[in-house]
$ cat data_14.tsv   # TSV, C-alpha atoms and all ligand atoms
chain	number	residue	atom	x	y	z
T	11	MET	CA	7.03	5.55	17.53
T	12	ALA	CA	5.98	3.13	14.79
T	13	ARG	CA	7.67	0.21	13.06
T	14	ILE	CA	7.88	1.15	9.40
T	15	LEU	CA	8.86	-0.89	6.35
T	16	VAL	CA	10.43	1.03	3.46
T	17	THR	CA	10.78	-1.10	0.34
T	18	GLY	CA	13.38	0.29	-2.05
T	19	GLY	CA	14.89	1.92	1.04
T	20	ALA	CA	18.46	1.77	-0.29
T	21	GLY	CA	17.51	3.81	-3.36
T	22	PHE	CA	17.64	7.54	-3.92
T	23	ILE	CA	14.27	8.59	-2.42
T	24	GLY	CA	14.04	5.58	-0.07
T	25	SER	CA	17.30	6.40	1.71
T	26	HIS	CA	16.18	9.99	2.41
T	27	LEU	CA	12.85	8.65	3.69
T	28	CYS	CA	14.55	6.09	6.01
T	29	GLU	CA	16.72	8.88	7.40
T	30	ARG	CA	13.73	11.20	8.10
T	31	LEU	CA	11.70	8.38	9.69
T	32	LEU	CA	14.61	7.47	11.99
T	33	ASN	CA	15.14	11.13	12.91
T	34	GLU	CA	11.53	11.25	14.03
T	35	GLY	CA	12.09	8.32	16.41
T	36	ASN	CA	10.62	5.42	14.40
T	37	GLU	CA	11.94	1.91	13.90
T	38	VAL	CA	12.74	1.43	10.23
T	39	ILE	CA	13.09	-1.80	8.26
T	40	CYS	CA	14.75	-1.07	4.94
T	41	LEU	CA	14.11	-3.77	2.34
T	42	ASP	CA	15.95	-3.75	-0.99
T	43	ASN	CA	17.25	-6.12	-3.68
T	44	PHE	CA	20.03	-3.62	-4.59
T	45	PHE	CA	19.14	-3.56	-8.29
T	46	THR	CA	19.52	0.23	-8.49
T	47	GLY	CA	20.00	0.97	-4.80
T	48	SER	CA	23.30	1.02	-2.95
T	49	LYS	CA	24.64	0.35	0.53
T	50	ASP	CA	26.47	3.68	0.23
T	51	ASN	CA	23.08	5.41	0.49
T	52	ILE	CA	22.31	3.90	3.90
T	53	ILE	CA	25.74	3.15	5.37
T	54	HIS	CA	25.39	6.14	7.73
T	55	LEU	CA	22.21	4.59	9.19
T	56	MET	CA	23.65	1.13	9.91
T	57	ASP	CA	24.80	1.96	13.45
T	58	ASN	CA	21.35	3.12	14.48
T	59	LYS	CA	19.72	0.45	16.69
T	60	ARG	CA	16.29	1.34	15.28
T	61	PHE	CA	17.45	0.59	11.71
T	62	GLU	CA	17.39	-2.86	10.11
T	63	LEU	CA	18.35	-3.86	6.57
T	64	ILE	CA	16.91	-6.84	4.69
T	65	ARG	CA	18.11	-7.97	1.25
T	66	HIS	CA	14.93	-9.20	-0.36
T	67	ASP	CA	13.06	-8.98	-3.66
T	68	ILE	CA	9.43	-7.89	-3.31
T	69	ILE	CA	8.29	-10.24	-6.05
T	70	GLU	CA	8.68	-12.91	-3.33
T	71	PRO	CA	6.34	-12.81	-0.30
T	72	ILE	CA	7.76	-11.85	3.09
T	73	LEU	CA	6.37	-12.07	6.63
T	74	LEU	CA	7.02	-9.00	8.79
T	75	GLU	CA	5.19	-7.28	11.62
T	76	VAL	CA	4.95	-3.56	10.87
T	77	ASP	CA	2.58	-0.62	11.36
T	78	LYS	CA	3.22	1.14	8.07
T	79	VAL	CA	4.62	0.27	4.65
T	80	TYR	CA	6.08	2.73	2.16
T	81	ASN	CA	6.32	0.78	-1.12
T	82	LEU	CA	9.08	2.42	-3.15
T	83	ALA	CA	10.73	-0.68	-4.62
T	84	SER	CA	10.93	-0.26	-8.39
T	85	PRO	CA	13.57	1.02	-10.76
T	86	ALA	CA	12.59	4.59	-11.68
T	87	SER	CA	14.95	5.64	-14.45
T	88	PRO	CA	13.98	4.70	-18.05
T	89	ILE	CA	17.33	3.00	-18.75
T	90	HIS	CA	16.98	0.87	-15.62
T	91	TYR	CA	13.30	-0.04	-15.91
T	92	GLN	CA	13.77	-0.92	-19.59
T	93	TYR	CA	16.83	-3.11	-18.89
T	94	ASN	CA	14.60	-6.04	-17.86
T	95	PRO	CA	11.04	-4.90	-18.64
T	96	VAL	CA	9.41	-8.19	-17.63
T	97	LYS	CA	11.03	-7.88	-14.22
T	98	THR	CA	9.84	-4.26	-13.96
T	99	THR	CA	6.23	-5.33	-14.49
T	100	LYS	CA	6.69	-8.19	-11.99
T	101	THR	CA	8.11	-5.79	-9.38
T	102	ASN	CA	5.22	-3.37	-9.80
T	103	VAL	CA	2.43	-5.98	-9.99
T	104	MET	CA	3.57	-9.06	-8.01
T	105	GLY	CA	5.50	-6.80	-5.63
T	106	ILE	CA	2.49	-4.70	-4.70
T	107	ILE	CA	0.32	-7.81	-4.32
T	108	ASN	CA	2.84	-9.14	-1.79
T	109	MET	CA	3.00	-5.82	0.06
T	110	LEU	CA	-0.80	-5.45	0.08
T	111	GLY	CA	-1.08	-9.03	1.37
T	112	LEU	CA	1.33	-8.14	4.16
T	113	ALA	CA	-0.57	-4.92	4.96
T	114	LYS	CA	-3.86	-6.83	5.00
T	115	ARG	CA	-2.52	-9.55	7.30
T	116	VAL	CA	-0.99	-7.24	9.91
T	117	ARG	CA	-3.45	-4.34	9.38
T	118	ALA	CA	-0.68	-1.95	8.37
T	119	ARG	CA	-1.26	1.26	6.45
T	120	ILE	CA	0.41	1.14	3.05
T	121	LEU	CA	1.54	3.99	0.81
T	122	GLN	CA	2.30	3.32	-2.83
T	123	ALA	CA	4.91	5.41	-4.65
T	124	SER	CA	3.05	5.87	-7.91
T	125	THR	CA	4.21	8.20	-10.64
T	126	SER	CA	3.33	10.99	-13.03
T	127	GLU	CA	4.00	8.34	-15.70
T	128	VAL	CA	0.45	7.06	-15.11
T	129	TYR	CA	-0.56	10.16	-17.15
T	130	GLY	CA	1.69	8.97	-20.04
T	131	ASP	CA	2.14	11.65	-22.72
T	132	PRO	CA	-0.56	13.90	-21.26
T	133	THR	CA	-3.10	15.71	-23.40
T	134	VAL	CA	-4.23	17.73	-20.36
T	135	HIS	CA	-1.85	20.33	-18.91
T	136	PRO	CA	-1.07	20.71	-16.04
T	137	GLN	CA	-2.05	17.24	-14.86
T	138	LYS	CA	-4.77	16.87	-12.21
T	139	GLU	CA	-5.48	13.64	-10.37
T	140	ASP	CA	-8.81	13.10	-12.15
T	141	TYR	CA	-7.10	12.94	-15.57
T	142	TRP	CA	-7.00	9.29	-16.74
T	143	GLY	CA	-3.89	9.64	-18.85
T	144	ASN	CA	-2.63	8.88	-22.34
T	145	VAL	CA	-0.47	5.77	-22.01
T	146	ASN	CA	0.85	3.50	-24.77
T	147	PRO	CA	0.15	-0.04	-23.48
T	148	ILE	CA	2.69	-1.73	-25.78
T	149	GLY	CA	5.68	0.63	-25.92
T	150	PRO	CA	9.11	0.53	-24.26
T	151	ARG	CA	7.88	2.59	-21.28
T	152	SER	CA	4.75	0.47	-20.75
T	153	CYS	CA	6.36	-1.98	-18.30
T	154	TYR	CA	6.74	0.92	-15.88
T	155	ASP	CA	3.69	3.05	-16.77
T	156	GLU	CA	1.23	0.17	-16.93
T	157	GLY	CA	2.90	-1.60	-14.01
T	158	LYS	CA	2.32	1.48	-11.85
T	159	ARG	CA	-1.26	1.82	-13.15
T	160	VAL	CA	-2.07	-1.79	-12.22
T	161	ALA	CA	-0.47	-1.17	-8.81
T	162	GLU	CA	-2.92	1.72	-8.28
T	163	THR	CA	-5.80	-0.56	-9.34
T	164	LEU	CA	-4.68	-3.22	-6.84
T	165	MET	CA	-4.37	-0.62	-4.08
T	166	MET	CA	-7.93	0.57	-4.70
T	167	ASP	CA	-9.31	-2.98	-4.95
T	168	TYR	CA	-7.62	-4.17	-1.73
T	169	HIS	CA	-9.07	-1.07	-0.10
T	170	ARG	CA	-12.63	-1.58	-1.42
T	171	GLN	CA	-12.63	-5.38	-1.14
T	172	ASN	CA	-10.58	-5.95	2.02
T	173	GLY	CA	-10.62	-2.60	3.81
T	174	VAL	CA	-6.84	-2.18	3.60
T	175	ASP	CA	-5.78	1.30	4.74
T	176	ILE	CA	-4.09	2.76	1.65
T	177	ARG	CA	-2.47	5.96	0.40
T	178	ILE	CA	-1.51	6.63	-3.24
T	179	VAL	CA	1.01	9.34	-4.14
T	180	ARG	CA	1.84	10.22	-7.75
T	181	ILE	CA	5.43	11.41	-7.62
T	182	PHE	CA	6.65	13.83	-10.30
T	183	ASN	CA	10.34	14.14	-11.34
T	184	THR	CA	12.40	14.33	-8.16
T	185	TYR	CA	16.11	15.09	-7.81
T	186	GLY	CA	18.78	15.54	-5.16
T	187	PRO	CA	21.86	14.00	-3.54
T	188	ARG	CA	22.15	10.16	-3.76
T	189	MET	CA	20.81	9.91	-7.29
T	190	ALA	CA	23.11	7.31	-8.85
T	191	LEU	CA	25.91	8.62	-11.04
T	192	ASN	CA	24.86	6.24	-13.83
T	193	ASP	CA	21.17	6.72	-13.22
T	194	GLY	CA	20.49	8.01	-16.74
T	195	ARG	CA	17.93	10.57	-15.65
T	196	VAL	CA	18.23	14.10	-16.88
T	197	VAL	CA	19.37	15.81	-13.65
T	198	SER	CA	22.21	13.40	-12.88
T	199	ASN	CA	23.23	13.08	-16.55
T	200	PHE	CA	23.47	16.84	-17.13
T	201	ILE	CA	25.29	17.59	-13.86
T	202	VAL	CA	27.83	14.79	-14.28
T	203	GLN	CA	28.42	15.73	-17.93
T	204	ALA	CA	28.86	19.41	-16.98
T	205	LEU	CA	31.30	18.58	-14.17
T	206	LYS	CA	33.36	16.35	-16.49
T	207	GLY	CA	33.30	18.94	-19.31
T	208	GLU	CA	31.55	16.43	-21.59
T	209	ASP	CA	28.78	17.30	-24.07
T	210	ILE	CA	25.36	17.78	-22.47
T	211	THR	CA	23.13	15.22	-24.17
T	212	VAL	CA	19.79	16.89	-24.88
T	213	TYR	CA	17.35	14.39	-26.39
T	214	GLY	CA	15.29	15.75	-29.30
T	215	GLU	CA	15.25	19.55	-29.61
T	216	GLY	CA	14.91	19.93	-25.85
T	217	SER	CA	11.44	21.49	-26.17
T	218	GLN	CA	9.85	18.81	-23.95
T	219	THR	CA	9.18	19.99	-20.41
T	220	ARG	CA	9.58	18.59	-16.90
T	221	SER	CA	9.00	20.03	-13.41
T	222	PHE	CA	11.61	19.13	-10.79
T	223	CYS	CA	10.98	18.61	-7.07
T	224	TYR	CA	13.78	18.55	-4.48
T	225	VAL	CA	13.93	15.29	-2.53
T	226	SER	CA	13.32	16.77	0.96
T	227	ASP	CA	10.07	18.36	-0.26
T	228	LEU	CA	8.99	15.06	-1.77
T	229	VAL	CA	9.74	13.10	1.43
T	230	ASP	CA	7.75	15.67	3.40
T	231	GLY	CA	4.80	15.12	1.04
T	232	LEU	CA	5.02	11.31	1.38
T	233	MET	CA	5.04	11.54	5.19
T	234	ARG	CA	2.14	14.01	5.30
T	235	MET	CA	0.12	11.71	3.09
T	236	MET	CA	0.90	8.70	5.30
T	237	ASP	CA	0.34	10.47	8.63
T	238	GLN	CA	-2.45	12.96	7.96
T	239	PRO	CA	-4.67	13.22	11.02
T	240	GLU	CA	-7.51	10.72	11.10
T	241	LYS	CA	-10.76	12.57	10.52
T	242	GLY	CA	-13.08	9.57	10.76
T	243	SER	CA	-13.51	6.07	9.44
T	244	GLY	CA	-15.13	4.39	6.49
T	245	GLN	CA	-14.35	4.30	2.79
T	246	GLY	CA	-11.72	6.86	1.80
T	247	SER	CA	-12.41	9.64	-0.65
T	248	VAL	CA	-10.89	9.37	-4.11
T	249	ALA	CA	-9.31	12.30	-5.92
T	250	GLY	CA	-11.61	15.30	-6.02
T	251	GLY	CA	-14.00	13.66	-3.55
T	252	GLN	CA	-15.77	15.94	-1.11
T	253	GLN	CA	-15.93	13.58	1.89
T	254	ASN	CA	-14.03	15.55	4.54
T	255	GLN	CA	-14.91	13.15	7.38
T	256	VAL	CA	-12.77	10.28	6.04
T	257	PRO	CA	-9.01	9.93	5.56
T	258	PHE	CA	-7.76	11.11	2.21
T	259	ILE	CA	-6.36	8.13	0.34
T	260	GLY	CA	-5.52	9.91	-2.92
T	261	PRO	CA	-4.23	9.59	-5.50
T	262	VAL	CA	-2.42	12.85	-4.88
T	263	ASN	CA	0.20	14.57	-7.02
T	264	ILE	CA	3.41	15.49	-5.21
T	265	GLY	CA	5.79	17.55	-7.31
T	266	ASN	CA	7.07	21.03	-7.94
T	267	PRO	CA	4.91	22.85	-10.52
T	268	HIS	CA	7.80	25.03	-11.73
T	269	GLU	CA	8.20	23.83	-15.34
T	270	HIS	CA	11.32	23.97	-17.54
T	271	THR	CA	12.10	22.93	-21.10
T	272	ILE	CA	14.95	20.44	-21.18
T	273	LEU	CA	17.05	22.85	-23.27
T	274	GLU	CA	16.59	25.64	-20.69
T	275	PHE	CA	17.49	23.15	-18.01
T	276	ALA	CA	20.74	22.19	-19.80
T	277	GLU	CA	21.68	25.88	-20.06
T	278	LYS	CA	20.93	26.36	-16.36
T	279	ILE	CA	23.20	23.48	-15.36
T	280	ILE	CA	26.02	24.79	-17.56
T	281	ALA	CA	25.68	28.24	-15.96
T	282	MET	CA	25.49	26.92	-12.39
T	283	THR	CA	28.52	24.65	-12.75
T	284	GLY	CA	30.54	27.21	-14.74
T	285	SER	CA	31.19	24.38	-17.21
T	286	LYS	CA	32.70	24.64	-20.69
T	287	SER	CA	30.47	21.78	-21.88
T	288	ARG	CA	28.57	22.22	-25.12
T	289	ILE	CA	25.07	20.99	-25.85
T	290	SER	CA	24.69	18.06	-28.26
T	291	PHE	CA	21.31	17.09	-29.69
T	292	ASN	CA	20.50	13.36	-29.73
T	293	PRO	CA	17.51	11.27	-30.86
T	294	LEU	CA	14.39	11.61	-28.73
T	295	PRO	CA	13.50	8.26	-27.09
T	296	GLN	CA	10.22	6.66	-28.20
T	297	ASP	CA	7.11	7.80	-26.26
T	298	ASP	CA	9.04	10.49	-24.36
T	299	PRO	CA	6.29	12.65	-22.80
T	300	ARG	CA	6.23	16.13	-24.37
T	301	GLN	CA	5.15	18.04	-21.29
T	302	ARG	CA	4.70	17.45	-17.59
T	303	GLN	CA	3.61	19.71	-14.75
T	304	PRO	CA	1.73	18.70	-11.62
T	305	ASP	CA	-1.43	20.46	-10.48
T	306	ILE	CA	-0.88	20.39	-6.70
T	307	THR	CA	-4.15	21.98	-5.58
T	308	LEU	CA	-5.24	18.75	-3.92
T	309	ALA	CA	-1.96	18.33	-1.98
T	310	LYS	CA	-2.26	21.92	-0.76
T	311	GLU	CA	-5.91	21.51	0.29
T	312	LYS	CA	-5.75	18.04	1.84
T	313	LEU	CA	-2.21	17.92	3.22
T	314	GLY	CA	-1.23	21.56	3.56
T	315	TRP	CA	1.77	20.58	1.40
T	316	GLY	CA	3.73	22.65	-1.09
T	317	PRO	CA	7.38	22.63	-2.20
T	318	LYS	CA	9.75	24.87	-0.25
T	319	VAL	CA	13.15	24.37	-1.90
T	320	SER	CA	13.78	26.52	-4.99
T	321	ILE	CA	15.36	24.97	-8.07
T	322	ASP	CA	18.51	27.08	-7.57
T	323	GLU	CA	18.95	25.94	-3.97
T	324	GLY	CA	18.13	22.30	-4.78
T	325	LEU	CA	20.50	22.22	-7.75
T	326	ARG	CA	23.28	23.82	-5.70
T	327	LEU	CA	23.00	21.03	-3.10
T	328	THR	CA	22.84	18.38	-5.82
T	329	ILE	CA	25.82	19.79	-7.75
T	330	ASP	CA	27.85	19.84	-4.50
T	331	TYR	CA	27.00	16.17	-3.95
T	332	PHE	CA	28.03	15.17	-7.48
T	333	LYS	CA	31.26	17.19	-7.21
T	334	GLY	CA	32.25	14.86	-4.35
T	335	LYS	CA	31.35	11.77	-6.40
T	336	VAL	CA	32.88	12.81	-9.73
T	337	GLY	CA	36.05	14.01	-7.99
T	338	ARG	CA	36.61	10.57	-6.42
T	401	LIG	P1	15.85	4.20	-7.22
T	401	LIG	O1	16.11	3.36	-8.41
T	401	LIG	O2	16.97	5.01	-6.67
T	401	LIG	O3	15.26	3.35	-6.00
T	401	LIG	C1	14.48	2.21	-6.17
T	401	LIG	C2	14.94	1.17	-5.17
T	401	LIG	O4	14.13	-0.01	-5.30
T	401	LIG	C3	16.38	0.73	-5.38
T	401	LIG	O5	17.07	0.74	-4.16
T	401	LIG	C4	16.25	-0.69	-5.95
T	401	LIG	O6	17.37	-1.49	-5.67
T	401	LIG	C5	14.97	-1.16	-5.29
T	401	LIG	N1	14.27	-2.23	-6.00
T	401	LIG	C6	13.98	-2.29	-7.32
T	401	LIG	N2	13.30	-3.42	-7.59
T	401	LIG	C7	13.16	-4.09	-6.41
T	401	LIG	C8	12.56	-5.32	-6.04
T	401	LIG	N3	11.98	-6.11	-6.97
T	401	LIG	N4	12.61	-5.71	-4.76
T	401	LIG	C9	13.23	-4.93	-3.82
T	401	LIG	N5	13.82	-3.76	-4.11
T	401	LIG	C10	13.78	-3.34	-5.40
T	401	LIG	O7	14.61	5.14	-7.60
T	401	LIG	P2	13.94	6.36	-6.82
T	401	LIG	O8	14.07	7.54	-7.68
T	401	LIG	O9	14.42	6.40	-5.44
T	401	LIG	O10	12.41	5.90	-6.86
T	401	LIG	C11	11.76	5.35	-5.72
T	401	LIG	C12	10.29	5.12	-6.05
T	401	LIG	O11	9.67	6.37	-6.40
T	401	LIG	C13	10.06	4.18	-7.22
T	401	LIG	O12	8.95	3.36	-6.94
T	401	LIG	C14	9.74	5.11	-8.36
T	401	LIG	O13	8.90	4.50	-9.32
T	401	LIG	C15	9.03	6.24	-7.65
T	401	LIG	N6	9.13	7.50	-8.42
T	401	LIG	C16	10.32	8.17	-8.47
T	401	LIG	C17	10.39	9.34	-9.22
T	401	LIG	C18	11.67	10.15	-9.29
T	401	LIG	O14	11.70	11.18	-9.99
T	401	LIG	N7	12.74	9.78	-8.63
T	401	LIG	C19	9.28	9.80	-9.93
T	401	LIG	C20	8.10	9.07	-9.86
T	401	LIG	C21	8.04	7.93	-9.09
T	402	LIG	N1	16.77	13.71	-21.21
T	402	LIG	C1	17.70	14.37	-21.99
T	402	LIG	N2	19.01	14.00	-21.87
T	402	LIG	C2	19.44	13.06	-20.98
T	402	LIG	C3	18.47	12.41	-20.16
T	402	LIG	C4	17.15	12.76	-20.31
T	402	LIG	O1	17.37	15.25	-22.81
T	402	LIG	O2	20.65	12.82	-20.92
T	402	LIG	C5	15.35	14.12	-21.35
T	402	LIG	C6	14.39	12.95	-21.58
T	402	LIG	O3	14.28	12.69	-22.97
T	402	LIG	C7	13.11	13.49	-20.98
T	402	LIG	C8	13.59	14.39	-19.83
T	402	LIG	O4	14.95	14.67	-20.10
T	402	LIG	O5	12.42	14.28	-21.91
T	402	LIG	C9	13.47	13.72	-18.47
T	402	LIG	O6	14.06	12.45	-18.54
T	402	LIG	P1	14.24	11.50	-17.29
T	402	LIG	O7	14.78	10.20	-17.81
T	402	LIG	O8	14.99	12.21	-16.24
T	402	LIG	O9	12.76	11.31	-16.71
T	402	LIG	P2	11.34	10.99	-17.38
T	402	LIG	O10	11.43	10.98	-18.87
T	402	LIG	O11	10.98	9.67	-16.81
T	402	LIG	O12	10.51	12.11	-16.89

$ encode --input "data_14.tsv" --output "structure tokens"
Amino acid sequence: MARILVTGGAGFIGSHLCERLLNEGNEVICLDNFFTGSKDNIIHLMDNKRFELIRHDIIEPILLEVDKVYNLASPASPIHYQYNPVKTTKTNVMGIINMLGLAKRVRARILQASTSEVYGDPTVHPQKEDYWGNVNPIGPRSCYDEGKRVAETLMMDYHRQNGVDIRIVRIFNTYGPRMALNDGRVVSNFIVQALKGEDITVYGEGSQTRSFCYVSDLVDGLMRMMDQPEKGSGQGSVAGGQQNQVPFIGPVNIGNPHEHTILEFAEKIIAMTGSKSRISFNPLPQDDPRQRQPDITLAKEKLGWGPKVSIDEGLRLTIDYFKGKVGR
């Protein structure tokens, strides 16, 4: 049993992670400022004696004694991270400095939830971890993309300079129950629109692609990255490194490589919900990446990880969840 801090624990991914960690017998401290997270996501955990909830903003320091930190605190949907872009950069930069300071002080292992957005609008396809990306530093998405890139830099520098035990995971588009109804991301938007019989809002011509990973697969990948068996000590290997005797610190891509165009995806949701919704075409947001697909060779080799839940099964579970929410 370990004592584990999950920042952003009341959010979509964080709540599933808290649940899995508790199920495996750990003590979990869930820390959240409730910007995009919700008590509804964790209400079922509140009676568990090994679960603790703290309302706190990670841009402020905090003193806690823990063994491991999963740093997930950050808005993830474009509409939410662009709502207060200065705050988004602060959360990703000042927040990770505070969490790395905590990890350094108590010698905790820390995992950073990074993102496929560090690859920007990629010119390499599919994306491997050694690709440095194509990111606009001054656009509307930069607060998130660059914030997450600086967070990776800080993780590596605390590791090299202070010996902090780090893990970096680059999460690709993830979906599942507990995404917020008003989240603005494509999966929740399309399902809610289909269930309400509203137009499905495809941005641009819908030729851009994304690859969608079900949340339980993602959580499994995060935990394997955090808890991989120790193979030795010393400086960790970076992506593509050949040092098998040291823990693998990443970065590692975790995502489902099955790629869809957004138009195909809209048609799939209409078919699966049996909806009468029609597709409407809307302006493409600035700097919207044209294609995205993870290369997961490294996750397979180093963590023995691969996605298990098919898109049909994952969407069925997600549609069922939203039926309950939209119906209410
Ligand atoms: P989410 O918005 O549901 O969860 C984020 C949580 O962080 C929320 O509960 C929010 O209230 C909290 N939070 C935000 N700023 C905070 C702050 N300053 N202090 C404390 N708490 C704060 O998003 P999610 O989809 O669950 O994403 C979780 C993490 O995974 C994020 O770091 C995100 O960047 C990363 N990620 C997610 C995806 C995805 O497809 N869902 C893809 C790539 C990366
Ligand atoms: N998208 C869309 N309609 C929507 C919401 C999103 O066509 O109602 C598109 C969006 O332009 C992008 C893709 O779906 O190309 C994924 O968007 P999301 O916000 O889910 O994630 P991200 O762009 O961060 O991958």

$ closest_residue --input "data_14.tsv" --among "T:Leu32, T:Val79, T:Met109, T:Ile181" --to "ligand LIG 401 (chain T)" --atoms "all atoms listed in the file"
T:Ile181

$ closest_residue --input "data_14.tsv" --among "T:Ile107, T:Met235, T:Leu273, T:Met166" --to "T:Tyr213" --atoms "all atoms listed in the file"
T:Leu273

$ closest_residue --input "data_14.tsv" --among "T:Tyr129, T:Trp142, T:Tyr168, T:Phe45" --to "ligand LIG 402 (chain T)" --atoms "only C-alpha atoms and all ligand atoms"
T:Tyr129

$ residues_around --input "data_14.tsv" --residues "T:Phe222" --least-positions-apart "4" --cutoff "12 Å" --atoms "only C-alpha atoms" --output "ChimeraX atom specification"
/T:126,181-186,195-197,227-228,264-272,275,302-304,317,319-322,324-325

$ residues_around --input "data_14.tsv" --residues "T:Met189" --least-positions-apart "5" --cutoff "10 Å" --atoms "all atoms listed in the file" --output "list in words"
Gly21, Phe22, Ile23, Thr46, Gly47, Asn51, Thr184, Gly194, Arg195, Val197, Ser198, Val225, Thr328, Tyr331 and Phe332 of chain T

$ closest_residue --input "data_14.tsv" --among "T:His90, T:Lys138, T:Lys310, T:Lys333" --to "ligand LIG 402 (chain T)" --atoms "all atoms listed in the file"
T:His90

$ closest_residue --input "data_14.tsv" --among "T:Val116, T:Ile39, T:Met104, T:Ala281" --to "ligand LIG 401 (chain T)" --atoms "all atoms listed in the file"
T:Met104

$ atom_distance --input "data_14.tsv" --atom1 "atom CA of T:Arg234" --atom2 "atom CA of T:Leu313"
6.2 Å

$ residues_near_point --input "data_14.tsv" --point "(27.9, 11.5, -8.8)" --cutoff "6 Å" --atoms "all atoms listed in the file" --output "tab-separated table (two decimals) with C-alpha atoms, in the coordinates of the input"
chain	number	residue	atom	x	y	z
T	191	LEU	CA	25.91	8.62	-11.04
T	332	PHE	CA	28.03	15.17	-7.48
T	335	LYS	CA	31.35	11.77	-6.40
T	336	VAL	CA	32.88	12.81	-9.73

$ build_atoms --input "data_14.tsv" --residues "stretch 224-229 of chain T" --atoms "all heavy atoms" --output "PDB file, in the frame of the given file"
ATOM      1  N   TYR T 224      12.634  18.946  -5.305  1.00  0.00           N
ATOM      2  CA  TYR T 224      13.780  18.550  -4.480  1.00  0.00           C
ATOM      3  C   TYR T 224      13.345  17.452  -3.510  1.00  0.00           C
ATOM      4  O   TYR T 224      12.236  17.459  -2.987  1.00  0.00           O
ATOM      5  CB  TYR T 224      14.346  19.758  -3.730  1.00  0.00           C
ATOM      6  CG  TYR T 224      15.645  19.432  -3.061  1.00  0.00           C
ATOM      7  CD1 TYR T 224      16.780  19.137  -3.812  1.00  0.00           C
ATOM      8  CD2 TYR T 224      15.738  19.372  -1.671  1.00  0.00           C
ATOM      9  CE1 TYR T 224      17.972  18.803  -3.201  1.00  0.00           C
ATOM     10  CE2 TYR T 224      16.938  19.053  -1.053  1.00  0.00           C
ATOM     11  CZ  TYR T 224      18.050  18.761  -1.836  1.00  0.00           C
ATOM     12  OH  TYR T 224      19.230  18.408  -1.232  1.00  0.00           O
ATOM     13  N   VAL T 225      14.280  16.527  -3.241  1.00  0.00           N
ATOM     14  CA  VAL T 225      13.930  15.290  -2.530  1.00  0.00           C
ATOM     15  C   VAL T 225      13.356  15.536  -1.125  1.00  0.00           C
ATOM     16  O   VAL T 225      12.455  14.811  -0.684  1.00  0.00           O
ATOM     17  CB  VAL T 225      15.116  14.301  -2.516  1.00  0.00           C
ATOM     18  CG1 VAL T 225      16.307  14.845  -1.753  1.00  0.00           C
ATOM     19  CG2 VAL T 225      14.708  12.932  -2.029  1.00  0.00           C
ATOM     20  N   SER T 226      13.840  16.562  -0.406  1.00  0.00           N
ATOM     21  CA  SER T 226      13.320  16.770   0.960  1.00  0.00           C
ATOM     22  C   SER T 226      11.857  17.200   0.919  1.00  0.00           C
ATOM     23  O   SER T 226      11.059  16.823   1.783  1.00  0.00           O
ATOM     24  CB  SER T 226      14.161  17.815   1.710  1.00  0.00           C
ATOM     25  OG  SER T 226      14.141  19.043   1.027  1.00  0.00           O
ATOM     26  N   ASP T 227      11.481  17.975  -0.103  1.00  0.00           N
ATOM     27  CA  ASP T 227      10.070  18.360  -0.260  1.00  0.00           C
ATOM     28  C   ASP T 227       9.218  17.125  -0.545  1.00  0.00           C
ATOM     29  O   ASP T 227       8.121  16.969  -0.009  1.00  0.00           O
ATOM     30  CB  ASP T 227       9.921  19.357  -1.409  1.00  0.00           C
ATOM     31  CG  ASP T 227      10.326  20.776  -1.015  1.00  0.00           C
ATOM     32  OD1 ASP T 227      10.260  21.098   0.189  1.00  0.00           O
ATOM     33  OD2 ASP T 227      10.697  21.561  -1.906  1.00  0.00           O
ATOM     34  N   LEU T 228       9.737  16.267  -1.405  1.00  0.00           N
ATOM     35  CA  LEU T 228       8.990  15.060  -1.770  1.00  0.00           C
ATOM     36  C   LEU T 228       8.753  14.169  -0.546  1.00  0.00           C
ATOM     37  O   LEU T 228       7.631  13.722  -0.274  1.00  0.00           O
ATOM     38  CB  LEU T 228       9.768  14.318  -2.855  1.00  0.00           C
ATOM     39  CG  LEU T 228       9.168  13.121  -3.585  1.00  0.00           C
ATOM     40  CD1 LEU T 228       9.539  11.798  -2.998  1.00  0.00           C
ATOM     41  CD2 LEU T 228       7.681  13.225  -3.824  1.00  0.00           C
ATOM     42  N   VAL T 229       9.835  13.951   0.230  1.00  0.00           N
ATOM     43  CA  VAL T 229       9.740  13.100   1.430  1.00  0.00           C
ATOM     44  C   VAL T 229       8.727  13.692   2.406  1.00  0.00           C
ATOM     45  O   VAL T 229       7.919  12.971   2.996  1.00  0.00           O
ATOM     46  CB  VAL T 229      11.145  12.924   2.070  1.00  0.00           C
ATOM     47  CG1 VAL T 229      11.051  12.363   3.473  1.00  0.00           C
ATOM     48  CG2 VAL T 229      12.007  12.012   1.195  1.00  0.00           C
TER      49      VAL T 229
END
